[in-house]
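S.K.: Right, I'll just put the structure down here and ask away after.
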Amino acid sequence: QVQLVESGGGLVQAGGSLRLSCAASINIFTFNPLAWYRQAPGNQRELVATITSGGLTNYPDSVKGRFTISRDYAKKTVYLQMNSLKPEDTAVYYCNGKSASGTVHWGHGTQVTVSS
């Protein structure tokens with residue numbers, strides 16, 4: 001069974017940084033793409049970063065220039081580096097991977113809270 005386990009969330013002041021990690025139970029090169037999403041209370045889950053098997057990345061304007069997605073195949077881990085955090089970045093962050101079969105796998109999420 002494929003498992004994705006996020007870690008690295010926590011409480012940080014506005015302007016600070018966090019790095020989230022998502023460890024997979026299988027080789028992550030099987031996923032295309034890998035992505036990070038977030039969901040704040042009362043809001044829909046939104047996409048914050050994607051990376052394809054070819055290394056192409058994409059971000060919405062709300063996080064562009066502040067967030068960076070990366071991956072380490074040897075560690076079977078995908079990362080989300082978050083800089084210049086804002087209170088509106090407060091949410092539960094989830095990693096996501098789409099397998100070759102089309103199945104989308106989700107982690108259980110990690111809470112990020114940014115205080116003003």
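Starting from 1 in every chain, residues are counted up; chains themselves are A, B, ... following the order of the structure tokens, and ligands are numbered from 1 as listed.
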Find the residues around Pro87 of chain A up to 8 Å (only C-alpha atoms counted), leave out those fewer than 4 positions away in its own chain, and share them as a list of chain:residue names.
M.R.: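 These residues fall inside the cut-off: A:Ala14, A:Thr113, A:Val114, A:Ser115, A:Ser116.
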S.K.: Would you mind listing what lies within 10 Å of Asn27 of chain A as a short mmCIF file (atom, residue, chain, number, x, y, z; two decimals) with all heavy atoms, in the first residue's frame, with only C-alpha atoms counted and same-chain residues fewer than 5 positions away left out?
M.R.:
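Output contents, as saved in around_38.cif:
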data_model
loop_
_atom_site.label_atom_id
_atom_site.label_comp_id
_atom_site.auth_asym_id
_atom_site.auth_seq_id
_atom_site.Cartn_x
_atom_site.Cartn_y
_atom_site.Cartn_z
N VAL A 2 0.58 2.16 -0.88
CA VAL A 2 1.36 3.39 -0.99
C VAL A 2 1.02 4.30 0.19
O VAL A 2 -0.15 4.53 0.51
CB VAL A 2 1.06 4.11 -2.30
CG1 VAL A 2 1.80 5.45 -2.35
CG2 VAL A 2 1.43 3.24 -3.49
N ASP A 72 13.93 14.36 -3.73
CA ASP A 72 15.16 13.58 -3.57
C ASP A 72 14.78 12.14 -3.82
O ASP A 72 14.16 11.50 -2.97
CB ASP A 72 15.74 13.79 -2.17
CG ASP A 72 17.09 13.13 -1.98
OD1 ASP A 72 17.30 12.04 -2.56
OD2 ASP A 72 17.92 13.68 -1.24
N TYR A 73 15.16 11.62 -4.98
CA TYR A 73 14.77 10.26 -5.32
C TYR A 73 15.38 9.24 -4.36
O TYR A 73 14.72 8.27 -3.99
CB TYR A 73 15.19 9.92 -6.75
CG TYR A 73 14.34 10.57 -7.81
CD1 TYR A 73 14.91 11.07 -8.98
CD2 TYR A 73 12.97 10.69 -7.67
CE1 TYR A 73 14.14 11.66 -9.97
CE2 TYR A 73 12.19 11.28 -8.66
CZ TYR A 73 12.78 11.76 -9.80
OH TYR A 73 12.02 12.34 -10.78
N ALA A 74 16.64 9.46 -3.97
CA ALA A 74 17.32 8.51 -3.08
C ALA A 74 16.60 8.40 -1.75
O ALA A 74 16.52 7.31 -1.16
CB ALA A 74 18.76 8.92 -2.88
N LYS A 75 16.07 9.52 -1.27
CA LYS A 75 15.37 9.52 0.02
C LYS A 75 13.87 9.30 -0.14
O LYS A 75 13.15 9.27 0.86
CB LYS A 75 15.62 10.84 0.74
CG LYS A 75 17.07 11.05 1.14
CD LYS A 75 17.27 12.35 1.91
CE LYS A 75 18.72 12.50 2.32
NZ LYS A 75 18.96 13.77 3.07
N LYS A 76 13.41 9.17 -1.39
CA LYS A 76 11.98 8.98 -1.66
C LYS A 76 11.15 10.06 -0.98
O LYS A 76 10.10 9.79 -0.37
CB LYS A 76 11.53 7.58 -1.22
CG LYS A 76 12.23 6.45 -1.95
CD LYS A 76 11.63 5.08 -1.63
CE LYS A 76 12.00 4.64 -0.24
NZ LYS A 76 11.52 3.26 0.04
N THR A 77 11.62 11.30 -1.11
CA THR A 77 11.01 12.40 -0.38
C THR A 77 10.83 13.61 -1.29
O THR A 77 11.71 13.92 -2.11
CB THR A 77 11.88 12.79 0.83
OG1 THR A 77 11.98 11.66 1.72
CG2 THR A 77 11.26 13.95 1.60
#
S.K.: Counting only C-alpha atoms, which residue out of A:Leu85, A:Leu56, A:Ala100, A:Ala49 sits closest to Asn32 of chain A?
M.R.: A:Ala100
S.K.: Which of segment 29-108 of chain A counts as strand (DSSP E or B) under DSSP, as a ChimeraX atom specification please?
M.R.: /A:31-39,46-51,57-58,67-72,77-82,91-99,104-106
S.K.: With only C-alpha atoms as the atoms that count, which of A:Ala23, A:Met82, A:Val63, A:Ala91 lies nearest to Thr110 of chain A?
M.R.: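 Of A:Ala23, A:Met82, A:Val63, A:Ala91, the one nearest Thr110 of chain A is A:Ala91, counting only C-alpha atoms.
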